[in-house]
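Novice: Below is a structure I'd like to ask you about.
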Amino acid sequence: MTGPGDNAMKNGSGQDGVIECRGVWYRLEGDRPGAEPRGRVLLSDLSLRAERGETLVLLGRSGSGKTTTLKLINRLLEPTSGEVQVDGRRTTDWDPIRLRRRIGYVIQEVGLFPHFTIERNVGLVPQLEGWPPDRIRARVEELLRLVGLEPAEFAGRRPRELSGGQRQRVGVARALAADPPILLMDEPFGALDPVTRTELQSEFRALAARLGKTILFVTHDVREALLLGTRIALLAEGRLVAIHSPLDFLRATQPEVKEFVSALGIGEKDFIL
Amino acid sequence: MHIFDYILRNPAEVLQFTLEHLALVAIAMALAVAIGIPLGIALTRHRALHRPILGAANIIQTVPSLALFGFLIPVPLVGGIGSRTAIVALTLYALLPIIRNTYAGISGVDPAVVEAARGMGMTDRQMLWQVEMPLSLGVILAGVRVATVISVGVATIAAAIGAGGLGMYIFRGVAMVNNQVILAGAIPAALLAVLADVSLSWAERRLASR
Ligand SMILES: Nc1ncnc2c1ncn2[C@@H]1O[C@H](COP(=O)(O)OP(=O)(O)OP(=O)(O)O)[C@@H](O)[C@H]1O
Ligand SMILES: [Mg+2]
């Protein structure tokens, strides 16, 4: 099947894997009466660009608009004004199904399918894409190993038979399944214990460098941001405050950035540098 | 004198009315499921349909059953005397619980799961068949069960418009002031209702435990 994405790849437009927001505003439509004041602005004039192969971290406090930004990229939401481009093409010009299959998505609440086995959960996008069963099975095993879950033990289980951290890892495996060029990861390591978390972070770092995927990685943990990001975009109240490399982030003078940096322990800063 | 005397003396006739009754309910339920589930799904897709459809189903439900059968008799095509009218009335009666539960079941699917499914690029149809229907089947089936039990009871009124079934005994027994005859209709009807309830509950539990 050839979709717009495939054509873009053949044309070699140079925009493949690039994500760009240009002057994006997102305003609640207020279709749920009483839920929120009509027209509340969640994102204001957001402009940012993630280059192919980079890991751009979206850092921000709770409610700053990180998840909203991700949803604009795979068109779960559409901007009220401004435009969001993926591979150099406006998301509203994409067939949403083709767009989403090109983008691996780890959602914050994990959202595994409770009625599917772990194997079927992980193999879902390959199945939708019509891969042969043998290839799906091999891919699922590979991915489960990658996230540290022994396939023989876990493949046949249901999500409710896993711990929160294990489910989260399945969520990551599922997003990687069809080898999408773009990944959106919404606090993918949030529910992990510090040891597993550090383990997965370092594996993720190696993996990200090796796979050459464009990754938007959401976190509110400044350590994680410094460790994993090629650049860090700081959001506050729906605005982009700053966008820096990890080194510049530590030296930056914006008060919002300093707040985050000061959350690091004494000496930790030097350790990271 | 024994309450089962009449039944024991007329087994063939009791069986015949029971089968008629069962046929009325089965056909009406098949129609109600075929109409109600798609309507319930449509409600989850188009909010604007919510008010008119649930409103209409609600109104039908509030019409006393005998009156509903009566109203349908003069209606062209669906009306008249006989089982066709009865089936239409029973179908209309069964719609509300089925539509409502289908809507509630699908709307009740964990939003995180729905969002994951959409985010992974499922089409609306894939979402419906692979995610929403399997996850709400238990709730939908509960609606079908409630509707079936109601139908078994309401179908006794079908006899009043010449559609046969176990209501024949009830109306006849009332006219004759004969409890045995009334019970010949009431007991099999109650058994049918219990049977429908038990078997559909069982199916629901099987689905829930998967
Ligand atoms: N559908 C919605 N209806 C009402 N308010 C919403 C909706 N979606 C998001 N919001 C609000 O928009 C703001 C930004 O939400 P968002 O989910 O993007 O935050 P976040 O940065 O991901 O936060 P967290 O770190 O807690 O996940 C929040 O104040 C939230 O309450
Ligand atoms: Mg969030």
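Each chain in the structure tokens gets a letter, A, B and so on, in the order shown; residues start at 1 in every chain, and ligands are counted from 1 in the order they appear.
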Identify, counting only C-alpha atoms and all ligand atoms, the protein, DNA and RNA residues located within 7 Å of ligand 2, and give them as a list in words.

Specialist: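 These are the residues that qualify: Ser62, Gly63, Lys66, Thr67, Gln108 and Asp186 of chain A.
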
Novice: At a cut-off of 9 Å, using only C-alpha atoms, what residues contact Ile7 in chain B? Leave out same-chain residues fewer than 2 positions from it and give the result as a ChimeraX atom specification.

Specialist: /B:3-5,9-11,13-14,180-181,183-185

Novice: Residues at most 8 Å from Gly164 in chain A, counting only C-alpha atoms, excluding those fewer than 3 positions away in the same chain, as a compact mmCIF listing (two decimals) with all heavy atoms, in the first residue's frame?

Specialist:
# COMPACT_ATOMS: atom_id res chain seq x y z
N ARG A 167 3.53 -3.45 32.63
CA ARG A 167 2.58 -2.98 31.62
C ARG A 167 3.17 -1.80 30.85
O ARG A 167 3.02 -1.69 29.64
CB ARG A 167 1.27 -2.53 32.28
CG ARG A 167 0.37 -3.68 32.62
CD ARG A 167 -1.04 -3.17 32.85
NE ARG A 167 -1.14 -2.55 34.17
CZ ARG A 167 -1.69 -3.16 35.22
NH1 ARG A 167 -2.18 -4.36 35.10
NH2 ARG A 167 -1.76 -2.55 36.36
N GLN A 168 3.83 -0.91 31.58
CA GLN A 168 4.41 0.25 30.95
C GLN A 168 5.44 -0.15 29.90
O GLN A 168 5.51 0.41 28.81
CB GLN A 168 5.04 1.13 32.00
CG GLN A 168 4.97 2.58 31.65
CD GLN A 168 5.32 3.48 32.81
OE1 GLN A 168 6.07 3.10 33.70
NE2 GLN A 168 4.78 4.67 32.83
N ALA A 191 6.10 4.71 35.88
CA ALA A 191 5.69 3.79 36.94
C ALA A 191 6.79 2.77 37.30
O ALA A 191 6.49 1.73 37.86
CB ALA A 191 4.42 3.05 36.53
N LEU A 192 8.03 3.07 36.95
CA LEU A 192 9.07 2.08 37.19
C LEU A 192 9.85 2.40 38.47
O LEU A 192 10.00 3.55 38.85
CB LEU A 192 10.05 2.06 36.01
CG LEU A 192 9.43 1.71 34.66
CD1 LEU A 192 10.48 1.77 33.56
CD2 LEU A 192 8.79 0.33 34.69

Novice: Within 7 Å of chain A, which residues belong to chain B? Use only C-alpha atoms and report them as an NGL selection string.

Specialist: :B and (112-113 or 116 or 119-123)

Novice: The selected residues should be written to file as an mmCIF file, in the first residue's frame (atoms: N, CA, C and O atoms).

Specialist:
data_model
loop_
_atom_site.group_PDB
_atom_site.id
_atom_site.type_symbol
_atom_site.label_atom_id
_atom_site.label_comp_id
_atom_site.auth_asym_id
_atom_site.auth_seq_id
_atom_site.Cartn_x
_atom_site.Cartn_y
_atom_site.Cartn_z
ATOM 1 N N ALA B 112 -8.555 5.461 28.020
ATOM 2 C CA ALA B 112 -7.135 5.270 27.692
ATOM 3 C C ALA B 112 -6.984 4.204 26.610
ATOM 4 O O ALA B 112 -6.139 4.327 25.717
ATOM 5 N N VAL B 113 -7.817 3.172 26.679
ATOM 6 C CA VAL B 113 -7.748 2.101 25.681
ATOM 7 C C VAL B 113 -8.203 2.627 24.325
ATOM 8 O O VAL B 113 -7.585 2.369 23.288
ATOM 9 N N ALA B 116 -5.490 4.837 22.956
ATOM 10 C CA ALA B 116 -4.376 4.051 22.435
ATOM 11 C C ALA B 116 -4.747 3.481 21.066
ATOM 12 O O ALA B 116 -3.958 3.531 20.123
ATOM 13 N N GLY B 119 -4.710 6.230 18.559
ATOM 14 C CA GLY B 119 -3.340 6.693 18.356
ATOM 15 C C GLY B 119 -2.505 5.710 17.557
ATOM 16 O O GLY B 119 -1.530 6.096 16.921
ATOM 17 N N MET B 120 -2.879 4.439 17.598
ATOM 18 C CA MET B 120 -2.120 3.452 16.851
ATOM 19 C C MET B 120 -2.606 3.335 15.414
ATOM 20 O O MET B 120 -2.105 2.521 14.659
ATOM 21 N N GLY B 121 -3.599 4.113 15.078
ATOM 22 C CA GLY B 121 -4.052 4.138 13.691
ATOM 23 C C GLY B 121 -5.090 3.086 13.357
ATOM 24 O O GLY B 121 -5.123 2.553 12.257
ATOM 25 N N MET B 122 -5.966 2.765 14.324
ATOM 26 C CA MET B 122 -7.079 1.882 13.992
ATOM 27 C C MET B 122 -8.145 2.707 13.280
ATOM 28 O O MET B 122 -8.410 3.853 13.658
ATOM 29 N N THR B 123 -8.773 2.119 12.272
ATOM 30 C CA THR B 123 -9.901 2.790 11.639
ATOM 31 C C THR B 123 -11.100 2.655 12.572
ATOM 32 O O THR B 123 -11.077 1.859 13.512
#

Novice: Counting only C-alpha atoms and all ligand atoms, what are the residues, protein, DNA or RNA alike, that approach ligand 1 to within 9 Å? I want them as an mmCIF file with N, CA and C atoms, in the first residue's frame.

Specialist:
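Printed below is out.cif as written:
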data_model
loop_
_atom_site.group_PDB
_atom_site.id
_atom_site.type_symbol
_atom_site.label_atom_id
_atom_site.label_comp_id
_atom_site.auth_asym_id
_atom_site.auth_seq_id
_atom_site.Cartn_x
_atom_site.Cartn_y
_atom_site.Cartn_z
ATOM 1 N N LEU A 28 -9.714 24.774 23.942
ATOM 2 C CA LEU A 28 -10.787 23.810 24.179
ATOM 3 C C LEU A 28 -12.049 24.275 23.487
ATOM 4 N N GLU A 29 -12.758 23.328 22.880
ATOM 5 C CA GLU A 29 -13.986 23.739 22.207
ATOM 6 C C GLU A 29 -15.141 23.882 23.170
ATOM 7 N N GLY A 30 -14.960 23.320 24.347
ATOM 8 C CA GLY A 30 -16.021 23.462 25.347
ATOM 9 C C GLY A 30 -17.274 22.704 24.976
ATOM 10 N N ARG A 32 -18.101 19.914 26.209
ATOM 11 C CA ARG A 32 -18.710 19.300 27.385
ATOM 12 C C ARG A 32 -19.159 20.425 28.304
ATOM 13 N N ALA A 35 -17.777 21.512 31.955
ATOM 14 C CA ALA A 35 -16.523 20.842 32.278
ATOM 15 C C ALA A 35 -15.392 21.864 32.446
ATOM 16 N N GLU A 36 -15.303 22.755 31.536
ATOM 17 C CA GLU A 36 -14.239 23.761 31.555
ATOM 18 C C GLU A 36 -14.839 25.021 30.954
ATOM 19 N N PRO A 37 -14.326 26.167 31.347
ATOM 20 C CA PRO A 37 -14.809 27.385 30.696
ATOM 21 C C PRO A 37 -14.601 27.275 29.193
ATOM 22 N N ARG A 40 -11.079 27.772 26.744
ATOM 23 C CA ARG A 40 -9.851 27.863 27.529
ATOM 24 C C ARG A 40 -8.649 27.484 26.658
ATOM 25 N N VAL A 41 -7.600 28.284 26.743
ATOM 26 C CA VAL A 41 -6.436 28.059 25.895
ATOM 27 C C VAL A 41 -5.470 27.079 26.563
ATOM 28 N N LEU A 42 -5.175 25.983 25.903
ATOM 29 C CA LEU A 42 -4.250 24.994 26.474
ATOM 30 C C LEU A 42 -2.830 25.174 25.929
ATOM 31 N N LEU A 43 -2.728 25.625 24.679
ATOM 32 C CA LEU A 43 -1.411 25.894 24.105
ATOM 33 C C LEU A 43 -1.449 27.257 23.425
ATOM 34 N N LEU A 58 10.109 17.050 25.964
ATOM 35 C CA LEU A 58 9.166 18.082 26.405
ATOM 36 C C LEU A 58 9.096 17.994 27.921
ATOM 37 N N LEU A 59 9.621 19.024 28.543
ATOM 38 C CA LEU A 59 9.657 19.036 30.000
ATOM 39 C C LEU A 59 8.660 20.080 30.479
ATOM 40 N N GLY A 60 8.018 19.808 31.597
ATOM 41 C CA GLY A 60 7.075 20.797 32.109
ATOM 42 C C GLY A 60 6.336 20.238 33.293
ATOM 43 N N ARG A 61 5.773 21.148 34.066
ATOM 44 C CA ARG A 61 5.041 20.699 35.234
ATOM 45 C C ARG A 61 3.710 20.115 34.813
ATOM 46 N N SER A 62 3.043 19.500 35.761
ATOM 47 C CA SER A 62 1.744 18.901 35.487
ATOM 48 C C SER A 62 0.790 19.970 34.936
ATOM 49 N N GLY A 63 0.115 19.637 33.845
ATOM 50 C CA GLY A 63 -0.857 20.569 33.273
ATOM 51 C C GLY A 63 -0.267 21.627 32.360
ATOM 52 N N SER A 64 1.021 21.490 32.017
ATOM 53 C CA SER A 64 1.651 22.528 31.196
ATOM 54 C C SER A 64 1.366 22.360 29.707
ATOM 55 N N GLY A 65 0.752 21.233 29.321
ATOM 56 C CA GLY A 65 0.387 21.063 27.919
ATOM 57 C C GLY A 65 1.241 20.066 27.146
ATOM 58 N N LYS A 66 1.976 19.230 27.851
ATOM 59 C CA LYS A 66 2.867 18.273 27.176
ATOM 60 C C LYS A 66 2.072 17.226 26.399
ATOM 61 N N THR A 67 1.096 16.622 27.090
ATOM 62 C CA THR A 67 0.294 15.591 26.420
ATOM 63 C C THR A 67 -0.487 16.195 25.253
ATOM 64 N N THR A 68 -1.020 17.377 25.472
ATOM 65 C CA THR A 68 -1.768 18.062 24.402
ATOM 66 C C THR A 68 -0.882 18.236 23.164
ATOM 67 N N THR A 69 0.382 18.617 23.378
ATOM 68 C CA THR A 69 1.299 18.798 22.252
ATOM 69 C C THR A 69 1.469 17.486 21.480
ATOM 70 N N LEU A 70 1.659 16.376 22.206
ATOM 71 C CA LEU A 70 1.824 15.093 21.514
ATOM 72 C C LEU A 70 0.585 14.754 20.688
ATOM 73 N N LYS A 71 -0.589 14.983 21.277
ATOM 74 C CA LYS A 71 -1.819 14.612 20.573
ATOM 75 C C LYS A 71 -2.039 15.439 19.308
ATOM 76 N N GLN A 108 0.304 8.056 28.179
ATOM 77 C CA GLN A 108 0.623 8.232 29.597
ATOM 78 C C GLN A 108 -0.064 7.176 30.473
ATOM 79 N N ASP A 186 4.925 9.434 26.123
ATOM 80 C CA ASP A 186 4.381 10.261 27.195
ATOM 81 C C ASP A 186 4.686 9.632 28.552
ATOM 82 N N GLU A 187 5.706 10.116 29.200
ATOM 83 C CA GLU A 187 6.174 9.574 30.480
ATOM 84 C C GLU A 187 6.226 8.049 30.474
ATOM 85 N N VAL A 218 8.133 12.950 26.588
ATOM 86 C CA VAL A 218 7.542 13.812 27.622
ATOM 87 C C VAL A 218 7.949 13.337 29.005
ATOM 88 N N THR A 219 8.349 14.270 29.830
ATOM 89 C CA THR A 219 8.637 13.926 31.218
ATOM 90 C C THR A 219 8.498 15.174 32.072
ATOM 91 N N HIS A 220 8.325 14.983 33.385
ATOM 92 C CA HIS A 220 8.427 16.148 34.263
ATOM 93 C C HIS A 220 9.661 15.998 35.165
ATOM 94 N N LEU A 235 8.031 23.615 28.747
ATOM 95 C CA LEU A 235 6.695 24.197 28.616
ATOM 96 C C LEU A 235 6.209 24.673 29.982
ATOM 97 N N ALA A 236 5.534 25.799 29.984
ATOM 98 C CA ALA A 236 4.873 26.254 31.202
ATOM 99 C C ALA A 236 3.573 26.915 30.808
ATOM 100 N N GLU A 237 2.489 26.444 31.377
ATOM 101 C CA GLU A 237 1.157 26.989 31.103
ATOM 102 C C GLU A 237 0.885 27.137 29.614
ATOM 103 N N GLY A 238 1.223 26.110 28.873
ATOM 104 C CA GLY A 238 0.886 26.096 27.456
ATOM 105 C C GLY A 238 1.784 26.935 26.572
#

Novice: Compare B:Val114, B:Ile150, B:Leu135, B:Gly167 by their minimum atom-to-atom distance to Gln61 in chain B, counting only C-alpha atoms, and give me the closest one.

Specialist: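 Between B:Val114, B:Ile150, B:Leu135, B:Gly167, the residue approaching Gln61 in chain B most closely is B:Ile150.
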
Novice: Show me, as number ranges by chain, the residues that have an atom within 9 Å of range 45-57 of chain B when counting only C-alpha atoms, minus same-chain residues fewer than 2 positions from it.

Specialist: B: 39, 41-43, 59-62, 92-93, 95-97, 99-100

Novice: Quick one: residues within 10 Å of range 52-55 of chain A, only C-alpha atoms counted, chain neighbours fewer than 3 positions away excluded, as number ranges by chain?

Specialist: A: 14-19, 49, 58, 87, 181-184, 205, 208-217, 225, 228-232

Novice: Separation of CA of Val172 in chain A and CA of Pro132 in chain A, in Å?

Specialist: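 The value is 21.9 Å.
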
Novice: Could you tell me how far CA of Ile157 in chain B sits from CA of Gly70 in chain B, in Å to one decimal place?

Specialist: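 That distance, rounded to one decimal, is 10.3 Å.
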